[in-house]
file input_38.txt (compact mmCIF, C-alpha atoms)
# COMPACT_ATOMS: atom_id res chain seq x y z
CA MET A 40 55.06 95.82 140.81
CA GLN A 41 57.95 97.36 138.91
CA SER A 42 58.19 96.63 135.24
CA HIS A 43 60.92 94.32 133.97
CA THR A 44 62.21 97.23 131.91
CA GLN A 45 64.42 97.98 134.88
CA GLY A 46 66.20 95.14 136.66
CA ASN A 47 68.60 95.03 139.56
CA GLY A 48 71.79 94.57 137.55
CA ALA A 49 73.23 96.56 134.68
CA ALA A 50 72.71 93.70 132.24
CA ASP A 51 69.02 93.47 133.23
CA ARG A 52 68.24 97.03 132.20
CA LYS A 53 66.38 97.33 128.95
CA ILE A 54 67.55 100.50 127.22
CA TYR A 55 65.44 102.52 124.80
CA VAL A 56 66.92 105.42 122.85
CA THR A 57 65.10 108.56 121.74
CA LEU A 58 65.33 109.65 118.12
CA THR A 59 67.52 112.52 119.31
CA GLY A 60 70.01 110.06 120.85
CA LEU A 61 69.26 109.93 124.59
CA PRO A 62 69.58 106.43 126.11
CA LEU A 63 66.84 105.80 128.67
CA SER A 64 65.65 103.04 130.98
CA PHE A 65 62.27 102.97 132.70
CA LYS A 66 60.89 102.02 136.09
CA LEU A 67 57.15 101.49 135.71
CA GLU A 68 55.25 100.91 138.94
CA TRP A 69 52.34 98.74 137.81
CA PRO A 70 49.40 98.64 138.02
CA PHE A 71 47.53 101.71 136.86
CA HIS A 72 45.32 102.87 139.74
CA ARG A 73 42.35 105.19 139.86
CA SER A 74 43.26 108.78 140.66
CA THR A 75 42.78 109.73 144.31
CA SER A 76 42.06 113.35 143.33
CA GLY A 77 38.51 112.54 142.35
CA ALA A 78 39.25 113.03 138.65
CA ASP A 79 38.07 110.32 136.27
CA PHE A 80 41.41 108.91 135.12
CA HIS A 81 43.94 106.23 136.03
CA VAL A 82 47.55 106.90 137.07
CA LEU A 83 50.83 105.00 136.74
CA HIS A 84 53.92 106.27 138.53
CA ALA A 85 57.14 105.94 136.56
CA ASP A 86 60.74 107.05 136.62
CA ILE A 87 62.75 107.67 133.45
CA LEU A 88 66.48 107.24 134.00
CA LEU A 89 69.04 108.88 131.72
CA GLU A 90 71.75 106.31 131.13
CA ASN A 91 75.42 107.17 131.60
CA SER A 92 74.60 110.20 133.76
CA ALA A 93 75.26 110.99 137.39
CA GLY A 94 71.82 109.95 138.58
CA LEU A 95 69.75 112.18 136.31
CA HIS A 96 66.14 111.06 136.06
CA SER A 97 62.61 112.29 135.41
CA PRO A 98 59.90 111.05 137.81
CA VAL A 99 56.46 111.18 136.19
CA ALA A 100 52.82 110.37 136.87
CA VAL A 101 51.28 108.93 133.69
CA ASN A 102 47.63 110.02 133.57
CA LEU A 103 45.58 107.67 131.39
CA SER A 104 42.64 109.47 129.81
CA VAL A 105 39.14 108.00 129.69
CA THR A 106 39.29 108.08 125.88
CA VAL A 107 42.33 105.79 125.75
CA ARG A 108 40.98 103.59 128.56
CA GLU A 109 37.89 102.89 126.44
CA VAL A 110 39.87 101.61 123.44
CA MET A 111 42.31 99.45 125.43
CA PRO A 112 41.58 95.74 126.00
CA SER A 113 43.00 96.04 129.55
CA LEU A 114 45.26 98.13 131.78
CA GLU A 115 47.79 95.29 132.06
CA PRO A 116 51.46 95.62 131.01
CA LYS A 117 50.89 93.26 128.04
CA ASP A 118 48.59 95.88 126.48
CA LEU A 119 50.09 99.13 127.72
CA GLU A 120 53.79 98.77 128.51
CA GLY A 121 54.97 99.49 124.95
CA PRO A 122 52.63 102.47 124.38
CA VAL A 123 53.51 103.95 127.81
CA ILE A 124 57.26 103.67 127.16
CA ASN A 125 56.89 105.14 123.68
CA SER A 126 54.65 107.99 124.87
CA LEU A 127 57.22 108.93 127.51
CA ARG A 128 60.07 108.54 125.02
CA LYS A 129 58.23 110.80 122.57
CA GLU A 130 57.69 113.41 125.31
CA VAL A 131 61.48 113.38 125.90
CA ASP A 132 62.03 113.76 122.15
CA ARG A 133 59.66 116.74 122.22
CA ARG A 134 61.71 118.14 125.15
CA GLN A 135 58.64 118.22 127.40
CA LEU A 136 60.42 116.44 130.28
CA GLU A 137 63.49 117.49 132.24
CA PHE A 138 66.17 115.30 133.85
CA VAL A 139 67.18 116.28 137.37
CA LYS A 140 69.08 114.81 140.33
CA SER A 141 65.89 114.92 142.40
CA GLY A 142 62.46 116.25 141.79
CA LYS A 143 58.74 115.86 142.23
CA LEU A 144 56.43 113.85 140.00
CA VAL A 145 55.53 115.58 136.76
CA PRO A 146 52.11 114.73 135.29
CA VAL A 147 52.22 113.33 131.74
CA HIS A 148 48.96 112.96 129.85
CA PHE A 149 48.70 109.50 128.31
CA SER A 150 45.91 110.52 125.99
CA SER A 151 44.71 109.99 122.43
CA ARG A 152 47.55 112.20 121.11
CA TYR A 153 49.29 109.07 119.79
CA TRP A 154 46.19 106.95 119.10
CA ASP A 155 44.90 106.87 115.52
CA PHE A 156 41.14 106.28 115.77
CA LYS A 157 40.79 105.81 111.99
CA ARG A 158 43.33 102.99 111.91
CA ASN A 159 42.69 101.83 115.47
CA LYS A 160 46.39 101.75 116.37
CA TRP A 161 49.16 103.61 118.18
CA VAL A 162 51.15 105.97 115.97
CA PHE A 163 54.34 107.62 117.20
CA GLY A 164 55.73 108.74 113.85
CA LYS A 165 57.08 106.98 110.78
CA ALA A 166 60.86 106.72 110.59
CA SER A 167 62.97 106.11 107.48
CA ASP A 168 65.22 103.04 107.21
CA GLU A 169 68.21 105.30 107.80
CA GLU A 170 66.65 106.70 110.98
CA ILE A 171 65.77 103.19 112.18
CA ALA A 172 69.34 102.02 111.56
CA VAL A 173 70.69 104.95 113.61
CA LEU A 174 68.19 104.24 116.40
CA LEU A 175 69.10 100.53 116.49
CA SER A 176 72.83 101.19 116.39
CA ARG A 177 72.49 103.53 119.37
CA LYS A 178 70.32 100.99 121.18
CA VAL A 179 72.86 98.20 120.66
CA TYR A 180 75.77 100.45 121.64
CA TRP A 181 74.22 101.59 124.92
CA GLN A 182 72.83 98.16 125.81
CA THR A 183 76.23 96.54 125.17
CA LYS A 184 77.88 99.27 127.23
CA ALA A 185 75.45 98.43 130.07
CA GLY A 186 76.61 94.81 129.91
CA GLY A 187 73.77 93.09 128.06
CA ALA A 188 72.41 92.18 124.64
CA ALA A 189 69.89 94.43 122.88
CA TRP A 190 66.57 92.93 121.79
CA LEU A 191 66.07 94.08 118.20
CA GLY A 192 62.84 92.09 117.92
CA ASP A 193 61.20 94.16 120.67
CA PRO A 194 57.67 95.10 119.48
CA THR A 195 58.00 98.38 121.42
CA GLU A 196 60.80 99.48 119.06
CA ALA A 197 58.81 98.56 115.94
CA LEU A 198 55.81 100.46 117.32
CA TYR A 199 57.92 103.55 118.02
CA VAL A 200 59.07 103.91 114.41
CA GLU A 201 55.84 102.60 112.84
CA THR A 202 57.22 99.47 111.24
CA THR A 203 57.25 95.71 111.85
CA VAL A 204 59.52 93.57 114.00
CA GLU A 205 60.62 91.76 110.86
CA HIS A 206 61.67 95.02 109.21
CA CYS A 207 63.71 95.95 112.31
CA MET A 208 65.38 92.53 112.10
CA GLU A 209 66.03 93.04 108.38
CA ILE A 210 67.83 96.30 109.16
CA GLY A 211 69.66 94.49 111.98
CA ARG A 212 70.89 91.84 109.55
CA ARG A 213 72.13 94.61 107.26
CA MET A 214 74.03 96.11 110.21
CA GLN A 215 75.54 92.67 110.90
CA SER A 216 76.70 92.38 107.30
CA GLU A 217 78.41 95.77 107.77
CA GLY A 218 80.29 94.38 110.77
CA LEU A 219 78.58 96.63 113.33
CA ILE A 220 76.67 94.06 115.38
CA LYS A 221 76.60 90.33 116.06
CA LEU A 222 73.13 88.78 115.99
CA GLU A 223 71.99 85.71 117.88
CA GLY A 224 68.32 85.21 117.15
CA GLU A 225 66.70 88.57 117.86
CA SER A 226 69.44 89.66 120.29
CA ALA A 227 72.36 91.84 119.23
CA MET A 228 75.72 92.73 120.70
CA ALA A 229 77.95 95.50 119.43
CA THR A 230 81.15 94.58 117.63
CA PRO A 231 84.42 96.42 118.34
CA ALA A 232 83.68 98.47 115.19
CA LEU A 233 80.46 99.82 116.71
CA MET A 234 81.93 100.29 120.19
CA GLY A 235 84.74 102.22 118.49
CA GLN A 236 82.16 104.93 117.68
CA ALA A 237 81.77 105.76 121.39
CA GLU A 238 82.80 109.38 120.84
CA LYS A 239 80.01 109.88 118.30
CA PHE A 240 77.32 108.26 120.49
CA ASP A 241 78.44 110.27 123.52
CA ALA A 242 78.42 113.47 121.47
CA ASP A 243 74.88 112.76 120.18
CA ARG A 244 73.71 112.11 123.72
CA GLN A 245 75.34 115.27 125.07
CA ALA A 246 73.97 117.45 122.26
CA ALA A 247 70.42 116.14 122.80
CA LEU A 248 70.70 116.69 126.57
CA GLU A 249 72.01 120.25 126.10
CA GLU A 250 69.11 121.09 123.77
CA LEU A 251 66.64 119.73 126.29
CA GLU A 252 68.24 121.62 129.21
CA LYS A 253 68.41 124.83 127.16
CA LYS A 254 64.68 124.64 126.47
CA HIS A 255 63.77 124.20 130.14
CA ALA A 256 66.20 126.91 131.27
CA PHE A 257 64.54 129.31 128.80
CA GLU A 258 61.05 128.42 130.11
CA ARG A 259 62.17 129.11 133.69
CA GLY A 260 63.44 132.50 132.56
call {"tool": "encode", "arguments": {"input": "input_38.txt", "output": "structure tokens"}}
result
Amino acid sequence: MQSHTQGNGAADRKIYVTLTGLPLSFKLEWPFHRSTSGADFHVLHADILLENSAGLHSPVAVNLSVTVREVMPSLEPKDLEGPVINSLRKEVDRRQLEFVKSGKLVPVHFSSRYWDFKRNKWVFGKASDEEIAVLLSRKVYWQTKAGGAAWLGDPTEALYVETTVEHCMEIGRRMQSEGLIKLEGESAMATPALMGQAEKFDADRQAALEELEKKHAFERG
């Protein structure tokens, strides 16, 4: 079963942006299944698509460690979709994954790296209000460009920047007062003022992609 994070039409795609500015959508092939290699872990195949590119993507095999399995209530999307998306997004931010036209599955360890045992919660890094506003403006821009409304109340976004849904909405309302977005409930569409910053969003995306490609080219020698 593919996750609803990737639909058939452009407007159905749910876009998540990295902190470096890369707009991504995800195909998650639920459910997690036990590894056939004999190792004691579960696997979820996924494909990370780079938006506004000529078919660039990063196919991955998400390997769920025993440690994380033991602290999760279940392996269902309701418990793991957000953490999986954010773990993959963070790996892109850390330039650990490469986007290619084709390619074989790359293993990604979905381990306790982002799980805080003391606080019993996922932690992907605290962002400032300014960083959250930039992230949300990029999200709304790319989602509007794809033909749909961006969900600012998405718990996955709040989890990624270590805040609450309400705080994301508060920042969204501030963006609306600045004339950048139009809110309807928790959904946001870009105004002409925000869409007018296309050059900046494209430049951020291109710079982040070049940094990522440079890193992988260096590793290949």
call {"tool": "closest_atom_pairs", "arguments": {"input": "input_38.txt", "of": "range 126-243 of chain A", "to": "range 56-61 of chain A", "cutoff": "7 Å", "atoms": "all atoms listed in the file", "output": "JSON lines"}}
result
{"residue": "A:Arg128", "atom": "CA", "partner": "A:Thr57", "partner_atom": "CA", "distance": 6.0}
{"residue": "A:Asp132", "atom": "CA", "partner": "A:Thr57", "partner_atom": "CA", "distance": 6.1}
{"residue": "A:Leu174", "atom": "CA", "partner": "A:Leu58", "partner_atom": "CA", "distance": 6.4}
{"residue": "A:Arg177", "atom": "CA", "partner": "A:Val56", "partner_atom": "CA", "distance": 6.8}
{"residue": "A:Lys178", "atom": "CA", "partner": "A:Val56", "partner_atom": "CA", "distance": 5.8}
{"residue": "A:Asp243", "atom": "CA", "partner": "A:Gly60", "partner_atom": "CA", "distance": 5.6}
call {"tool": "write_last_selection", "arguments": {"input": "input_38.txt", "atoms": "C-alpha atoms", "output": "short mmCIF file (atom, residue, chain, number, x, y, z; two decimals), in the frame of the given file"}}
result
data_model
loop_
_atom_site.label_atom_id
_atom_site.label_comp_id
_atom_site.auth_asym_id
_atom_site.auth_seq_id
_atom_site.Cartn_x
_atom_site.Cartn_y
_atom_site.Cartn_z
CA ARG A 128 60.07 108.54 125.02
CA ASP A 132 62.03 113.76 122.15
CA LEU A 174 68.19 104.24 116.40
CA ARG A 177 72.49 103.53 119.37
CA LYS A 178 70.32 100.99 121.18
CA ASP A 243 74.88 112.76 120.18
#
call {"tool": "residues_around", "arguments": {"input": "input_38.txt", "residues": "Gly142 in chain A", "least_positions_apart": "5", "cutoff": "9 Å", "atoms": "all atoms listed in the file", "output": "PyMOL selection string"}}
result
chain A and resi 96-98
call {"tool": "write_last_selection", "arguments": {"input": "input_38.txt", "atoms": "C-alpha atoms", "output": "JSON list (two decimals), keeping the file's coordinate frame"}}
result
[["chain", "number", "residue", "atom", "x", "y", "z"],
["A", 96, "HIS", "CA", 66.14, 111.06, 136.06],
["A", 97, "SER", "CA", 62.61, 112.29, 135.41],
["A", 98, "PRO", "CA", 59.90, 111.05, 137.81]]
call {"tool": "residues_near_point", "arguments": {"input": "input_38.txt", "point": "(63.0, 103.0, 116.7)", "cutoff": "7 Å", "atoms": "all atoms listed in the file", "output": "JSON, numbers by chain"}}
result
{"A": [171, 174, 175, 196, 197, 199, 200]}
call {"tool": "closest_atom_pairs", "arguments": {"input": "input_38.txt", "of": "range 75-137 of chain A", "to": "range 150-157 of chain A", "cutoff": "7 Å", "atoms": "all atoms listed in the file", "output": "JSON lines"}}
result
{"residue": "A:Leu103", "atom": "CA", "partner": "A:Ser150", "partner_atom": "CA", "distance": 6.1}
{"residue": "A:Ser104", "atom": "CA", "partner": "A:Ser150", "partner_atom": "CA", "distance": 5.1}
{"residue": "A:Thr106", "atom": "CA", "partner": "A:Ser151", "partner_atom": "CA", "distance": 6.7}
{"residue": "A:Val107", "atom": "CA", "partner": "A:Ser151", "partner_atom": "CA", "distance": 5.9}
call {"tool": "closest_residue", "arguments": {"input": "input_38.txt", "among": "A:His72, A:Val162, A:Glu137, A:Glu115", "to": "Glu249 in chain A", "atoms": "only C-alpha atoms"}}
result
A:Glu137
call {"tool": "residues_around", "arguments": {"input": "input_38.txt", "residues": "range 228-233 of chain A", "least_positions_apart": "6", "cutoff": "7 Å", "atoms": "all atoms listed in the file", "output": "ChimeraX atom specification"}}
result
/A:179-180,183,188-189,218-222
call {"tool": "closest_atom_pairs", "arguments": {"input": "input_38.txt", "of": "range 102-212 of chain A", "to": "range 78-89 of chain A", "cutoff": "12 Å", "atoms": "only C-alpha atoms", "output": "Markdown table"}}
result
| residue | atom | partner | partner_atom | distance |
| --- | --- | --- | --- | --- |
| A:Asn102 | CA | A:Val82 | CA | 4.7 |
| A:Leu103 | CA | A:His81 | CA | 5.1 |
| A:Ser104 | CA | A:Phe80 | CA | 5.5 |
| A:Val105 | CA | A:Phe80 | CA | 6.0 |
| A:Thr106 | CA | A:Phe80 | CA | 9.5 |
| A:Val107 | CA | A:Phe80 | CA | 9.9 |
| A:Arg108 | CA | A:Phe80 | CA | 8.5 |
| A:Glu109 | CA | A:Phe80 | CA | 11.1 |
| A:Leu114 | CA | A:His81 | CA | 9.2 |
| A:Glu115 | CA | A:Leu83 | CA | 11.2 |
| A:Pro116 | CA | A:Leu83 | CA | 11.0 |
| A:Leu119 | CA | A:Leu83 | CA | 10.8 |
| A:Glu120 | CA | A:Leu83 | CA | 10.7 |
| A:Val123 | CA | A:Leu83 | CA | 9.4 |
| A:Ile124 | CA | A:Ile87 | CA | 9.3 |
| A:Asn125 | CA | A:Ile87 | CA | 11.7 |
| A:Ser126 | CA | A:Ile87 | CA | 11.8 |
| A:Leu127 | CA | A:Ile87 | CA | 8.2 |
| A:Arg128 | CA | A:Ile87 | CA | 8.9 |
| A:Glu130 | CA | A:Ile87 | CA | 11.2 |
| A:Val131 | CA | A:Ile87 | CA | 9.6 |
| A:Leu136 | CA | A:Ile87 | CA | 9.6 |
| A:Glu137 | CA | A:Ile87 | CA | 9.9 |
| A:Phe138 | CA | A:Leu89 | CA | 7.3 |
| A:Val139 | CA | A:Leu89 | CA | 9.5 |
| A:Lys140 | CA | A:Leu88 | CA | 10.2 |
| A:Ser141 | CA | A:Asp86 | CA | 11.0 |
| A:Gly142 | CA | A:Asp86 | CA | 10.7 |
| A:Lys143 | CA | A:Asp86 | CA | 10.6 |
| A:Leu144 | CA | A:His84 | CA | 8.1 |
| A:Val145 | CA | A:His84 | CA | 9.6 |
| A:Pro146 | CA | A:Val82 | CA | 9.2 |
| A:Val147 | CA | A:Val82 | CA | 9.6 |
| A:His148 | CA | A:Val82 | CA | 9.5 |
| A:Phe149 | CA | A:Val82 | CA | 9.2 |
| A:Ser150 | CA | A:Phe80 | CA | 10.3 |
| A:Trp181 | CA | A:Leu89 | CA | 11.2 |
call {"tool": "closest_residue", "arguments": {"input": "input_38.txt", "among": "A:Lys184, A:Trp69, A:Glu225, A:Ser216", "to": "Val204 in chain A", "atoms": "only C-alpha atoms"}}
result
A:Glu225
call {"tool": "axis_aligned_box", "arguments": {"input": "input_38.txt", "around": "range 66-82 of chain A", "padding_each_side": "5 Å", "output": "lines of an AutoDock Vina configuration file"}}
result
center_x = 49.5
center_y = 106.0
center_z = 139.7
size_x = 32.8
size_y = 24.7
size_z = 19.2
call {"tool": "closest_residue", "arguments": {"input": "input_38.txt", "among": "A:Val110, A:Gly192, A:Ala172, A:Glu209", "to": "Asn159 in chain A", "atoms": "only C-alpha atoms"}}
result
A:Val110
call {"tool": "closest_residue", "arguments": {"input": "input_38.txt", "among": "A:Val99, A:Ile54, A:Leu251, A:Ala166", "to": "Gly186 in chain A", "atoms": "all atoms listed in the file"}}
result
A:Ile54
call {"tool": "build_atoms", "arguments": {"input": "input_38.txt", "residues": "range 236-247 of chain A", "atoms": "all heavy atoms", "output": "PDB file, in the coordinates of the input"}}
result
ATOM      1  N   GLN A 236      82.818 103.645 117.979  1.00  0.00           N
ATOM      2  CA  GLN A 236      82.160 104.930 117.680  1.00  0.00           C
ATOM      3  C   GLN A 236      81.655 105.608 118.941  1.00  0.00           C
ATOM      4  O   GLN A 236      80.758 106.457 118.894  1.00  0.00           O
ATOM      5  CB  GLN A 236      80.999 104.698 116.708  1.00  0.00           C
ATOM      6  CG  GLN A 236      81.416 104.126 115.353  1.00  0.00           C
ATOM      7  CD  GLN A 236      80.218 103.924 114.433  1.00  0.00           C
ATOM      8  OE1 GLN A 236      79.270 104.696 114.437  1.00  0.00           O
ATOM      9  NE2 GLN A 236      80.263 102.856 113.650  1.00  0.00           N
ATOM     10  N   ALA A 237      82.227 105.237 120.093  1.00  0.00           N
ATOM     11  CA  ALA A 237      81.770 105.760 121.390  1.00  0.00           C
ATOM     12  C   ALA A 237      81.729 107.281 121.406  1.00  0.00           C
ATOM     13  O   ALA A 237      80.782 107.881 121.937  1.00  0.00           O
ATOM     14  CB  ALA A 237      82.691 105.241 122.499  1.00  0.00           C
ATOM     15  N   GLU A 238      82.737 107.911 120.825  1.00  0.00           N
ATOM     16  CA  GLU A 238      82.800 109.380 120.840  1.00  0.00           C
ATOM     17  C   GLU A 238      81.582 109.992 120.164  1.00  0.00           C
ATOM     18  O   GLU A 238      81.007 110.967 120.644  1.00  0.00           O
ATOM     19  CB  GLU A 238      84.092 109.834 120.154  1.00  0.00           C
ATOM     20  CG  GLU A 238      84.407 111.302 120.361  1.00  0.00           C
ATOM     21  CD  GLU A 238      85.771 111.683 119.785  1.00  0.00           C
ATOM     22  OE1 GLU A 238      86.716 110.878 119.873  1.00  0.00           O
ATOM     23  OE2 GLU A 238      85.861 112.807 119.250  1.00  0.00           O
ATOM     24  N   LYS A 239      81.168 109.385 119.063  1.00  0.00           N
ATOM     25  CA  LYS A 239      80.010 109.880 118.300  1.00  0.00           C
ATOM     26  C   LYS A 239      78.721 109.702 119.109  1.00  0.00           C
ATOM     27  O   LYS A 239      77.907 110.623 119.212  1.00  0.00           O
ATOM     28  CB  LYS A 239      79.913 109.123 116.981  1.00  0.00           C
ATOM     29  CG  LYS A 239      78.677 109.447 116.156  1.00  0.00           C
ATOM     30  CD  LYS A 239      78.693 108.638 114.861  1.00  0.00           C
ATOM     31  CE  LYS A 239      77.423 108.839 114.055  1.00  0.00           C
ATOM     32  NZ  LYS A 239      76.226 108.306 114.729  1.00  0.00           N
ATOM     33  N   PHE A 240      78.539 108.510 119.713  1.00  0.00           N
ATOM     34  CA  PHE A 240      77.320 108.260 120.490  1.00  0.00           C
ATOM     35  C   PHE A 240      77.254 109.171 121.717  1.00  0.00           C
ATOM     36  O   PHE A 240      76.192 109.685 122.066  1.00  0.00           O
ATOM     37  CB  PHE A 240      77.249 106.787 120.913  1.00  0.00           C
ATOM     38  CG  PHE A 240      77.019 105.837 119.766  1.00  0.00           C
ATOM     39  CD1 PHE A 240      77.957 104.869 119.452  1.00  0.00           C
ATOM     40  CD2 PHE A 240      75.873 105.919 118.990  1.00  0.00           C
ATOM     41  CE1 PHE A 240      77.756 103.993 118.396  1.00  0.00           C
ATOM     42  CE2 PHE A 240      75.659 105.055 117.930  1.00  0.00           C
ATOM     43  CZ  PHE A 240      76.604 104.094 117.619  1.00  0.00           C
ATOM     44  N   ASP A 241      78.387 109.367 122.360  1.00  0.00           N
ATOM     45  CA  ASP A 241      78.440 110.270 123.520  1.00  0.00           C
ATOM     46  C   ASP A 241      78.128 111.703 123.115  1.00  0.00           C
ATOM     47  O   ASP A 241      77.436 112.428 123.830  1.00  0.00           O
ATOM     48  CB  ASP A 241      79.816 110.193 124.199  1.00  0.00           C
ATOM     49  CG  ASP A 241      80.012 108.918 124.995  1.00  0.00           C
ATOM     50  OD1 ASP A 241      78.997 108.369 125.487  1.00  0.00           O
ATOM     51  OD2 ASP A 241      81.160 108.463 125.140  1.00  0.00           O
ATOM     52  N   ALA A 242      78.652 112.103 121.959  1.00  0.00           N
ATOM     53  CA  ALA A 242      78.420 113.470 121.470  1.00  0.00           C
ATOM     54  C   ALA A 242      76.946 113.682 121.132  1.00  0.00           C
ATOM     55  O   ALA A 242      76.366 114.735 121.444  1.00  0.00           O
ATOM     56  CB  ALA A 242      79.289 113.755 120.249  1.00  0.00           C
ATOM     57  N   ASP A 243      76.313 112.680 120.502  1.00  0.00           N
ATOM     58  CA  ASP A 243      74.880 112.760 120.180  1.00  0.00           C
ATOM     59  C   ASP A 243      74.069 112.894 121.460  1.00  0.00           C
ATOM     60  O   ASP A 243      73.137 113.704 121.542  1.00  0.00           O
ATOM     61  CB  ASP A 243      74.432 111.504 119.422  1.00  0.00           C
ATOM     62  CG  ASP A 243      74.990 111.434 118.012  1.00  0.00           C
ATOM     63  OD1 ASP A 243      75.484 112.460 117.512  1.00  0.00           O
ATOM     64  OD2 ASP A 243      74.937 110.337 117.411  1.00  0.00           O
ATOM     65  N   ARG A 244      74.412 112.090 122.445  1.00  0.00           N
ATOM     66  CA  ARG A 244      73.710 112.110 123.720  1.00  0.00           C
ATOM     67  C   ARG A 244      73.857 113.475 124.397  1.00  0.00           C
ATOM     68  O   ARG A 244      72.877 114.050 124.874  1.00  0.00           O
ATOM     69  CB  ARG A 244      74.250 111.001 124.627  1.00  0.00           C
ATOM     70  CG  ARG A 244      73.699 110.987 126.034  1.00  0.00           C
ATOM     71  CD  ARG A 244      74.556 110.083 126.933  1.00  0.00           C
ATOM     72  NE  ARG A 244      74.236 110.293 128.321  1.00  0.00           N
ATOM     73  CZ  ARG A 244      74.633 111.334 129.044  1.00  0.00           C
ATOM     74  NH1 ARG A 244      75.370 112.290 128.490  1.00  0.00           N
ATOM     75  NH2 ARG A 244      74.294 111.453 130.315  1.00  0.00           N
ATOM     76  N   GLN A 245      75.076 113.991 124.417  1.00  0.00           N
ATOM     77  CA  GLN A 245      75.340 115.270 125.070  1.00  0.00           C
ATOM     78  C   GLN A 245      74.629 116.421 124.360  1.00  0.00           C
ATOM     79  O   GLN A 245      74.060 117.311 125.006  1.00  0.00           O
ATOM     80  CB  GLN A 245      76.845 115.532 125.124  1.00  0.00           C
ATOM     81  CG  GLN A 245      77.253 116.726 125.979  1.00  0.00           C
ATOM     82  CD  GLN A 245      76.778 116.616 127.426  1.00  0.00           C
ATOM     83  OE1 GLN A 245      76.758 115.524 128.001  1.00  0.00           O
ATOM     84  NE2 GLN A 245      76.387 117.736 128.020  1.00  0.00           N
ATOM     85  N   ALA A 246      74.634 116.395 123.028  1.00  0.00           N
ATOM     86  CA  ALA A 246      73.970 117.450 122.260  1.00  0.00           C
ATOM     87  C   ALA A 246      72.466 117.448 122.514  1.00  0.00           C
ATOM     88  O   ALA A 246      71.854 118.510 122.685  1.00  0.00           O
ATOM     89  CB  ALA A 246      74.255 117.268 120.767  1.00  0.00           C
ATOM     90  N   ALA A 247      71.866 116.244 122.557  1.00  0.00           N
ATOM     91  CA  ALA A 247      70.420 116.140 122.800  1.00  0.00           C
ATOM     92  C   ALA A 247      70.088 116.625 124.206  1.00  0.00           C
ATOM     93  O   ALA A 247      69.081 117.316 124.420  1.00  0.00           O
ATOM     94  CB  ALA A 247      69.963 114.695 122.615  1.00  0.00           C
TER      95      ALA A 247
END
